[in-house]
$ cat data25.tsv   # TSV, C-alpha atoms and all ligand atoms
chain	number	residue	atom	x	y	z
A	1	MET	CA	0.00	0.00	0.00
A	2	SER	CA	2.91	2.37	0.42
A	3	SER	CA	3.39	3.09	-3.25
A	4	LEU	CA	1.51	5.08	-5.84
A	5	ASN	CA	-0.29	1.87	-6.87
A	6	ASN	CA	-3.65	3.23	-5.87
A	7	LEU	CA	-3.15	5.94	-8.51
A	8	ALA	CA	-2.35	3.36	-11.17
A	9	SER	CA	-5.98	3.26	-12.29
A	10	VAL	CA	-6.31	7.06	-12.29
A	11	GLY	CA	-6.19	8.86	-15.65
A	12	GLN	CA	-5.41	12.55	-15.21
A	13	VAL	CA	-4.48	14.12	-11.88
A	14	ILE	CA	-5.35	17.82	-11.74
A	15	VAL	CA	-4.28	20.02	-8.82
A	16	VAL	CA	-6.40	23.10	-8.08
A	17	LEU	CA	-4.46	25.99	-6.53
A	18	SER	CA	-5.19	29.55	-5.45
A	19	GLY	CA	-3.07	32.37	-4.10
A	20	LYS	CA	-5.42	32.92	-1.17
A	21	GLY	CA	-8.64	31.70	0.43
A	22	GLY	CA	-12.13	32.75	-0.56
A	23	VAL	CA	-11.55	33.12	-4.31
A	24	GLY	CA	-13.48	29.95	-5.16
A	25	LYS	CA	-10.79	27.26	-5.33
A	26	SER	CA	-12.99	24.58	-3.74
A	27	THR	CA	-15.92	25.77	-5.85
A	28	VAL	CA	-13.92	25.31	-9.05
A	29	ALA	CA	-12.71	21.88	-7.88
A	30	VAL	CA	-16.24	20.73	-6.97
A	31	GLN	CA	-18.04	22.19	-10.00
A	32	LEU	CA	-15.37	20.94	-12.40
A	33	ALA	CA	-15.76	17.46	-10.90
A	34	LEU	CA	-19.57	17.63	-11.27
A	35	SER	CA	-19.23	18.88	-14.84
A	36	LEU	CA	-16.86	16.01	-15.71
A	37	VAL	CA	-19.34	13.55	-14.18
A	38	SER	CA	-22.17	15.11	-16.24
A	39	SER	CA	-20.12	14.38	-19.37
A	40	GLY	CA	-19.92	10.69	-18.44
A	41	LYS	CA	-16.51	10.60	-16.75
A	42	GLN	CA	-15.53	8.69	-13.62
A	43	VAL	CA	-14.13	11.27	-11.23
A	44	GLY	CA	-12.38	11.36	-7.85
A	45	LEU	CA	-12.20	14.50	-5.73
A	46	LEU	CA	-9.54	14.66	-3.04
A	47	ASP	CA	-9.94	17.46	-0.50
A	48	LEU	CA	-6.48	18.26	0.86
A	49	ASP	CA	-7.55	21.54	2.46
A	50	ILE	CA	-6.74	20.01	5.83
A	51	CYS	CA	-7.52	23.10	7.92
A	52	GLY	CA	-10.69	24.11	6.05
A	53	PRO	CA	-12.18	21.10	4.29
A	54	SER	CA	-15.36	22.35	2.57
A	55	VAL	CA	-15.83	19.79	-0.20
A	56	PRO	CA	-18.06	17.38	1.82
A	57	HIS	CA	-20.41	20.24	2.76
A	58	MET	CA	-20.60	21.49	-0.85
A	59	LEU	CA	-21.55	17.99	-2.03
A	60	GLY	CA	-24.01	17.20	0.77
A	61	LEU	CA	-21.69	14.54	2.23
A	62	GLU	CA	-21.17	15.96	5.72
A	63	GLY	CA	-21.17	13.32	8.44
A	64	LYS	CA	-20.32	10.46	6.07
A	65	ASP	CA	-17.68	7.94	7.15
A	66	VAL	CA	-14.86	6.38	5.20
A	67	HIS	CA	-14.12	2.72	5.79
A	68	GLN	CA	-10.90	0.75	5.64
A	69	SER	CA	-10.53	-2.24	3.36
A	70	GLU	CA	-7.49	-4.44	2.76
A	71	GLN	CA	-6.55	-2.23	-0.18
A	72	GLY	CA	-6.89	1.01	1.80
A	73	TRP	CA	-9.54	3.64	2.47
A	74	LEU	CA	-12.80	3.42	0.56
A	75	PRO	CA	-13.89	6.89	-0.59
A	76	VAL	CA	-17.41	8.25	-0.15
A	77	TYR	CA	-19.59	8.32	-3.27
A	78	THR	CA	-22.07	11.11	-4.03
A	79	SER	CA	-24.61	8.70	-5.54
A	80	ALA	CA	-25.33	5.02	-5.97
A	81	ASP	CA	-23.91	5.00	-9.51
A	82	LYS	CA	-20.50	5.78	-7.97
A	83	ASN	CA	-19.45	8.33	-10.64
A	84	LEU	CA	-17.96	10.75	-8.13
A	85	ALA	CA	-15.71	9.43	-5.35
A	86	VAL	CA	-14.72	11.86	-2.60
A	87	MET	CA	-12.06	11.77	0.11
A	88	SER	CA	-11.58	14.48	2.72
A	89	ILE	CA	-10.08	14.95	6.15
A	90	ALA	CA	-13.59	16.01	7.21
A	91	PHE	CA	-14.70	12.36	6.98
A	92	LEU	CA	-12.15	11.43	9.61
A	93	LEU	CA	-13.13	14.07	12.18
A	94	LYS	CA	-15.49	12.98	14.96
A	95	ASN	CA	-17.24	16.34	14.96
A	96	LYS	CA	-17.59	18.62	11.93
A	97	ASN	CA	-16.55	21.61	14.07
A	98	ASP	CA	-13.33	19.95	15.26
A	99	ALA	CA	-10.27	22.01	14.40
A	100	VAL	CA	-7.33	20.23	12.80
A	101	ILE	CA	-4.33	21.54	14.71
A	102	TRP	CA	-1.50	19.40	13.47
A	103	ARG	CA	2.17	20.04	13.15
A	104	GLY	CA	4.02	19.43	9.89
A	105	PRO	CA	4.95	15.74	10.29
A	106	LYS	CA	1.37	14.68	11.02
A	107	LYS	CA	0.02	16.67	8.08
A	108	HIS	CA	2.74	15.15	5.90
A	109	ALA	CA	1.76	11.63	6.99
A	110	MET	CA	-1.94	12.29	6.38
A	111	ILE	CA	-1.37	13.71	2.89
A	112	LYS	CA	0.84	10.74	2.06
A	113	GLN	CA	-1.93	8.39	3.15
A	114	PHE	CA	-4.51	10.36	1.16
A	115	ILE	CA	-2.43	10.04	-1.99
A	116	GLN	CA	-1.30	6.47	-1.52
A	117	ASP	CA	-3.96	4.63	0.44
A	118	VAL	CA	-7.32	5.55	-1.09
A	119	CYS	CA	-8.92	2.91	-3.33
A	120	TRP	CA	-10.08	5.09	-6.19
A	121	ASP	CA	-10.83	2.25	-8.59
A	122	GLN	CA	-10.93	3.25	-12.24
A	123	LEU	CA	-10.97	7.06	-12.62
A	124	ASP	CA	-10.75	9.28	-15.68
A	125	TYR	CA	-9.84	12.27	-13.50
A	126	LEU	CA	-8.66	12.88	-9.96
A	127	ILE	CA	-9.18	16.52	-8.95
A	128	ILE	CA	-7.17	17.63	-5.91
A	129	ASP	CA	-8.37	20.65	-3.92
A	130	THR	CA	-5.46	22.11	-1.95
A	131	PRO	CA	-5.14	24.65	0.90
A	132	PRO	CA	-4.80	28.30	-0.21
A	133	GLY	CA	-1.33	29.67	-0.87
A	134	THR	CA	1.84	27.64	-1.04
A	135	SER	CA	2.48	25.66	2.09
A	136	ASP	CA	4.19	22.54	3.36
A	137	GLU	CA	1.09	20.63	2.30
A	138	HIS	CA	1.72	21.58	-1.32
A	139	MET	CA	5.36	20.56	-1.09
A	140	THR	CA	4.38	17.21	0.41
A	141	LEU	CA	1.73	16.67	-2.24
A	142	LEU	CA	4.12	17.34	-5.10
A	143	GLU	CA	6.90	15.28	-3.55
A	144	ILE	CA	4.56	12.30	-3.42
A	145	LEU	CA	2.82	12.84	-6.75
A	146	LYS	CA	6.03	13.56	-8.64
A	147	GLU	CA	5.29	13.24	-12.33
A	148	SER	CA	1.84	11.65	-11.75
A	149	ALA	CA	0.13	15.07	-11.90
A	150	LYS	CA	-1.03	16.32	-15.28
A	151	GLY	CA	-0.81	19.88	-13.97
A	152	ALA	CA	-2.38	22.71	-12.04
A	153	VAL	CA	-5.38	24.93	-12.55
A	154	LEU	CA	-4.88	28.30	-10.82
A	155	VAL	CA	-7.98	30.05	-9.52
A	156	THR	CA	-8.19	33.79	-9.00
A	157	THR	CA	-10.70	36.60	-8.83
A	158	PRO	CA	-10.36	39.46	-11.34
A	159	ASN	CA	-9.00	42.07	-8.91
A	160	LEU	CA	-5.34	42.93	-8.84
A	161	VAL	CA	-4.74	42.03	-5.18
A	162	ALA	CA	-5.80	38.45	-5.88
A	163	ILE	CA	-3.74	38.41	-9.06
A	164	SER	CA	-0.54	39.34	-7.24
A	165	ASP	CA	-1.09	36.30	-4.98
A	166	VAL	CA	-1.43	34.11	-8.04
A	167	ARG	CA	1.94	35.32	-9.31
A	168	ARG	CA	3.44	33.57	-6.26
A	169	GLU	CA	1.59	30.38	-7.24
A	170	VAL	CA	3.07	30.64	-10.72
A	171	THR	CA	6.57	30.93	-9.25
A	172	PHE	CA	5.85	27.98	-6.97
A	173	CYS	CA	4.77	25.83	-9.92
A	174	GLU	CA	7.84	26.85	-11.91
A	175	LYS	CA	10.16	26.04	-9.00
A	176	THR	CA	8.55	22.69	-8.25
A	177	GLY	CA	8.18	21.68	-11.91
A	178	LEU	CA	4.38	21.42	-11.76
A	179	LYS	CA	2.96	22.20	-15.19
A	180	ILE	CA	0.35	24.97	-15.22
A	181	ILE	CA	-2.67	23.98	-17.31
A	182	GLY	CA	-4.15	27.47	-17.05
A	183	LEU	CA	-5.89	30.18	-15.07
A	184	VAL	CA	-9.54	30.45	-14.11
A	185	GLU	CA	-11.04	33.82	-13.26
A	186	ASN	CA	-13.85	33.17	-10.77
A	187	MET	CA	-16.46	35.70	-9.58
A	188	SER	CA	-15.93	37.36	-12.93
A	189	GLY	CA	-18.92	39.70	-13.03
A	190	PHE	CA	-22.48	39.14	-11.90
A	191	VAL	CA	-25.09	38.02	-14.40
A	192	CYS	CA	-28.49	39.49	-13.43
A	193	PRO	CA	-30.98	36.61	-13.23
A	194	ASN	CA	-33.72	38.91	-14.63
A	195	CYS	CA	-32.12	40.71	-17.56
A	196	GLN	CA	-28.96	38.54	-18.01
A	197	ASP	CA	-26.90	41.74	-18.06
A	198	CYS	CA	-23.38	41.22	-16.64
A	199	SER	CA	-22.26	43.79	-13.99
A	200	GLN	CA	-18.56	43.93	-13.17
A	201	ILE	CA	-18.51	44.00	-9.37
A	202	PHE	CA	-14.74	43.66	-9.04
A	203	PRO	CA	-12.25	45.57	-11.17
A	204	THR	CA	-12.00	43.53	-14.36
A	205	GLY	CA	-9.29	42.10	-16.54
A	206	GLY	CA	-6.87	40.77	-13.92
A	207	GLY	CA	-6.92	37.23	-15.27
A	208	GLN	CA	-6.30	38.42	-18.83
A	209	LEU	CA	-3.51	40.72	-17.61
A	210	LEU	CA	-1.77	37.84	-15.88
A	211	ALA	CA	-2.31	35.58	-18.87
A	212	ASP	CA	-0.75	38.20	-21.18
A	213	GLU	CA	2.14	38.75	-18.78
A	214	THR	CA	2.99	35.09	-18.19
A	215	GLY	CA	1.78	33.38	-21.36
A	216	ILE	CA	-0.36	31.06	-19.22
A	217	PRO	CA	-3.72	30.42	-20.92
A	218	LEU	CA	-6.84	31.93	-19.38
A	219	LEU	CA	-9.11	28.88	-19.43
A	220	GLY	CA	-12.33	30.62	-18.50
A	221	LYS	CA	-14.26	33.17	-16.48
A	222	ILE	CA	-16.97	32.01	-14.08
A	223	PRO	CA	-19.49	34.69	-13.08
A	224	ILE	CA	-20.97	35.12	-9.62
A	225	ASP	CA	-24.20	33.16	-9.44
A	226	PRO	CA	-26.46	33.28	-6.34
A	227	ASN	CA	-27.75	29.78	-7.22
A	228	LEU	CA	-24.21	28.45	-7.10
A	229	VAL	CA	-23.58	29.64	-3.55
A	230	ARG	CA	-27.07	28.44	-2.52
A	231	CYS	CA	-26.47	24.98	-3.96
A	232	GLU	CA	-23.07	24.71	-2.29
A	233	ASP	CA	-24.54	25.84	1.03
A	234	LYS	CA	-27.23	23.17	0.80
A	235	GLY	CA	-24.95	20.49	-0.62
A	236	GLU	CA	-26.91	20.31	-3.88
A	237	ASN	CA	-25.69	19.58	-7.39
A	238	PHE	CA	-25.56	23.01	-9.09
A	239	ILE	CA	-24.52	21.56	-12.45
A	240	ALA	CA	-27.53	19.22	-12.51
A	241	ALA	CA	-29.98	21.89	-11.33
A	242	PHE	CA	-28.73	24.93	-13.28
A	243	GLY	CA	-26.80	23.35	-16.15
A	244	ASN	CA	-27.70	26.11	-18.63
A	245	SER	CA	-26.80	29.06	-16.41
A	246	PRO	CA	-23.83	31.25	-17.47
A	247	ALA	CA	-21.79	29.96	-14.49
A	248	ALA	CA	-22.45	26.29	-15.32
A	249	LEU	CA	-21.71	26.90	-19.01
A	250	ALA	CA	-18.42	28.54	-18.00
A	251	VAL	CA	-17.53	25.46	-15.92
A	252	HIS	CA	-18.43	23.16	-18.82
A	253	SER	CA	-16.17	25.09	-21.17
A	254	LEU	CA	-13.39	25.01	-18.57
A	255	ARG	CA	-13.87	21.23	-18.46
A	256	ASP	CA	-13.49	21.05	-22.22
A	257	THR	CA	-10.11	22.81	-22.09
A	258	ILE	CA	-8.43	20.43	-19.67
A	301	LIG	P1	-11.89	28.95	-1.50
A	301	LIG	O1	-11.84	27.47	-1.71
A	301	LIG	O2	-11.00	29.69	-2.47
A	301	LIG	O3	-11.66	29.37	-0.08
A	301	LIG	P2	-14.75	28.65	-1.89
A	301	LIG	O4	-14.85	27.82	-3.11
A	301	LIG	O5	-14.97	28.01	-0.56
A	301	LIG	O6	-13.37	29.45	-1.88
A	301	LIG	O7	-15.76	29.87	-2.10
A	301	LIG	C1	-16.01	30.82	-1.08
A	301	LIG	C2	-17.52	31.13	-1.08
A	301	LIG	O8	-17.86	31.79	-2.29
A	301	LIG	C3	-18.39	29.89	-1.00
A	301	LIG	O9	-19.51	30.17	-0.22
A	301	LIG	C4	-18.82	29.63	-2.45
A	301	LIG	O10	-20.08	29.00	-2.53
A	301	LIG	C5	-18.89	31.06	-2.98
A	301	LIG	N1	-18.58	31.15	-4.42
A	301	LIG	C6	-17.43	30.80	-5.03
A	301	LIG	N2	-17.50	31.05	-6.36
A	301	LIG	C7	-18.75	31.55	-6.59
A	301	LIG	C8	-19.44	32.00	-7.76
A	301	LIG	N3	-18.88	32.00	-8.97
A	301	LIG	N4	-20.73	32.45	-7.60
A	301	LIG	C9	-21.31	32.48	-6.38
A	301	LIG	N5	-20.70	32.07	-5.25
A	301	LIG	C10	-19.43	31.61	-5.35
$ encode --input "data25.tsv" --output "C-alpha cells" --more "lines below"
Ligand code: ADP
Amino acid sequence: MSSLNNLASVGQVIVVLSGKGGVGKSTVAVQLALSLVSSGKQVGLLDLDICGPSVPHMLGLEGKDVHQSEQGWLPVYTSADKNLAVMSIAFLLKNKNDAVIWRGPKKHAMIKQFIQDVCWDQLDYLIIDTPPGTSDEHMTLLEILKESAKGAVLVTTPNLVAISDVRREVTFCEKTGLKIIGLVENMSGFVCPNCQDCSQIFPTGGGQLLADETGIPLLGKIPIDPNLVRCEDKGENFIAAFGNSPAALAVHSLRDTI
C-alpha cells in the first residue's frame, strides 16, 4: 500500500491551486468534478484543504464515514452510480466543528496516506483541492505525486490584489516543476438573473492581464451566481440543477479545455 499503486488506475491528476482563500478554489474543484461527471466521466475528488475542508459540505456529504478495506480507504460516493468518489479529512473528524491543529509531520503523513492509500478504482480524473497559498502541504503533495500530476489549474478573482497572490503560485509551480494547465477567473462579473446583463462587481481584466504577462492560458471566467452559492450551502448539485446558467456553461467550457 505504500506506493503510488492506488493511482495506477487514475487517468489525469489535476491540482487546483489559489493564491489565497475565498476566491473559489474549492468551488472550481467541486463544479469541475460535477461537470466532468455530467459528461460521463468517472471522477475522484480529493480534498487536501486540511484546515478548512469544505468539499463534503458542498456535495451534501457531511457526516459520512470512510471505511478501511485491505486495499486502503474506501472513498465516499455522491450517488449510488459511484461516478464521483470523494475523500476528505472532514470524513475522519469525529465532529464537523473539530479544528485540525496538526504540526508538519502529522500533516505530511496524512497527505501521504490520502495520496497512496485511497482505493479510487478506475478514474478518468482525480481533482485535488489544496489549501490556499503555497504551504508545506503543497510541497508534500508534489513530492509524493512527482510526475503523476497532469498539472495545475490556478484560480483567482479578477482584482489585482488576488492576481498578485497568483503570481506567487506561478513561481511555486515553476520552481517545483508542476505544469500549469491554465488560469480560471472566478467571480468574474455578476449576471443578473432577470435581464442577463453582466455587472462587473470587481475591477475587471486581472486574469487576462496575468495571462498576457505570463503566457499562461486563461481557461475561462466564471461569473458570480447566487444559485451556485445556494447549492453549495445546501450540498446540492448546481450543475444538474442549473446546467444552462452562465456559471455552469463557463464550468463546462473550462472542463473542455483540460
Ligand atoms: P476557497 O476554496 O477559495 O476558499 P470557496 O470555493 O470556498 O473558496 O468559495 C467561497 C464562497 O464563495 C463559497 O460560499 C462559495 O459557494 C462562494 N462562491 C465561489 N464562487 C462563486 C461564484 N462563482 N458564484 C457564487 N458564489 C461563489
$ residues_near_ligand --input "data25.tsv" --ligand "ligand LIG 301 (chain A)" --cutoff "8 Å" --atoms "only C-alpha atoms and all ligand atoms" --output "PyMOL selection string"
chain A and resi 18+20-29+54+58+129+131-132+155+186-188+222-233+247
$ atom_distance --input "data25.tsv" --atom1 "CA of Gly151 (chain A)" --atom2 "CA of Ile14 (chain A)"
5.5 Å
$ residues_around --input "data25.tsv" --residues "Ser38 (chain A)" --least-positions-apart "5" --cutoff "9 Å" --atoms "only C-alpha atoms" --output "number ranges by chain"
A: 33, 239-240
$ write_last_selection --input "data25.tsv" --atoms "C-alpha atoms" --output "PDB file, in the frame of the given file"
ATOM      1  CA  ALA A  33     -15.760  17.460 -10.900  1.00  0.00           C
ATOM      2  CA  ILE A 239     -24.520  21.560 -12.450  1.00  0.00           C
ATOM      3  CA  ALA A 240     -27.530  19.220 -12.510  1.00  0.00           C
TER       4      ALA A 240
END
$ residues_around --input "data25.tsv" --residues "Leu36 (chain A)" --least-positions-apart "4" --cutoff "12 Å" --atoms "all atoms listed in the file" --output "short mmCIF file (atom, residue, chain, number, x, y, z; two decimals) with C-alpha atoms, in the frame of the given file"
data_model
loop_
_atom_site.label_atom_id
_atom_site.label_comp_id
_atom_site.auth_asym_id
_atom_site.auth_seq_id
_atom_site.Cartn_x
_atom_site.Cartn_y
_atom_site.Cartn_z
CA GLN A 12 -5.41 12.55 -15.21
CA VAL A 28 -13.92 25.31 -9.05
CA ALA A 29 -12.71 21.88 -7.88
CA VAL A 30 -16.24 20.73 -6.97
CA GLN A 31 -18.04 22.19 -10.00
CA LEU A 32 -15.37 20.94 -12.40
CA GLY A 40 -19.92 10.69 -18.44
CA LYS A 41 -16.51 10.60 -16.75
CA GLN A 42 -15.53 8.69 -13.62
CA VAL A 43 -14.13 11.27 -11.23
CA GLY A 44 -12.38 11.36 -7.85
CA LEU A 45 -12.20 14.50 -5.73
CA ASN A 83 -19.45 8.33 -10.64
CA LEU A 84 -17.96 10.75 -8.13
CA LEU A 123 -10.97 7.06 -12.62
CA ASP A 124 -10.75 9.28 -15.68
CA TYR A 125 -9.84 12.27 -13.50
CA LEU A 126 -8.66 12.88 -9.96
CA ILE A 127 -9.18 16.52 -8.95
CA ILE A 239 -24.52 21.56 -12.45
CA ALA A 240 -27.53 19.22 -12.51
CA ALA A 248 -22.45 26.29 -15.32
CA VAL A 251 -17.53 25.46 -15.92
CA HIS A 252 -18.43 23.16 -18.82
CA SER A 253 -16.17 25.09 -21.17
CA LEU A 254 -13.39 25.01 -18.57
CA ARG A 255 -13.87 21.23 -18.46
CA ASP A 256 -13.49 21.05 -22.22
CA THR A 257 -10.11 22.81 -22.09
CA ILE A 258 -8.43 20.43 -19.67
#
$ atom_distance --input "data25.tsv" --atom1 "CA of Leu59 (chain A)" --atom2 "CA of Gly243 (chain A)"
16.0 Å
$ residues_around --input "data25.tsv" --residues "Val15 (chain A)" --least-positions-apart "2" --cutoff "10 Å" --atoms "all atoms listed in the file" --output "mmCIF file with C-alpha atoms, keeping the file's coordinate frame"
data_model
loop_
_atom_site.group_PDB
_atom_site.id
_atom_site.type_symbol
_atom_site.label_atom_id
_atom_site.label_comp_id
_atom_site.auth_asym_id
_atom_site.auth_seq_id
_atom_site.Cartn_x
_atom_site.Cartn_y
_atom_site.Cartn_z
ATOM 1 C CA GLN A 12 -5.410 12.550 -15.210
ATOM 2 C CA VAL A 13 -4.480 14.120 -11.880
ATOM 3 C CA LEU A 17 -4.460 25.990 -6.530
ATOM 4 C CA ALA A 29 -12.710 21.880 -7.880
ATOM 5 C CA LEU A 46 -9.540 14.660 -3.040
ATOM 6 C CA LEU A 126 -8.660 12.880 -9.960
ATOM 7 C CA ILE A 127 -9.180 16.520 -8.950
ATOM 8 C CA ILE A 128 -7.170 17.630 -5.910
ATOM 9 C CA ASP A 129 -8.370 20.650 -3.920
ATOM 10 C CA THR A 130 -5.460 22.110 -1.950
ATOM 11 C CA HIS A 138 1.720 21.580 -1.320
ATOM 12 C CA LEU A 141 1.730 16.670 -2.240
ATOM 13 C CA LEU A 142 4.120 17.340 -5.100
ATOM 14 C CA ALA A 149 0.130 15.070 -11.900
ATOM 15 C CA LYS A 150 -1.030 16.320 -15.280
ATOM 16 C CA GLY A 151 -0.810 19.880 -13.970
ATOM 17 C CA ALA A 152 -2.380 22.710 -12.040
ATOM 18 C CA VAL A 153 -5.380 24.930 -12.550
ATOM 19 C CA LEU A 154 -4.880 28.300 -10.820
ATOM 20 C CA LEU A 178 4.380 21.420 -11.760
ATOM 21 C CA LYS A 179 2.960 22.200 -15.190
ATOM 22 C CA ILE A 180 0.350 24.970 -15.220
ATOM 23 C CA ILE A 181 -2.670 23.980 -17.310
#
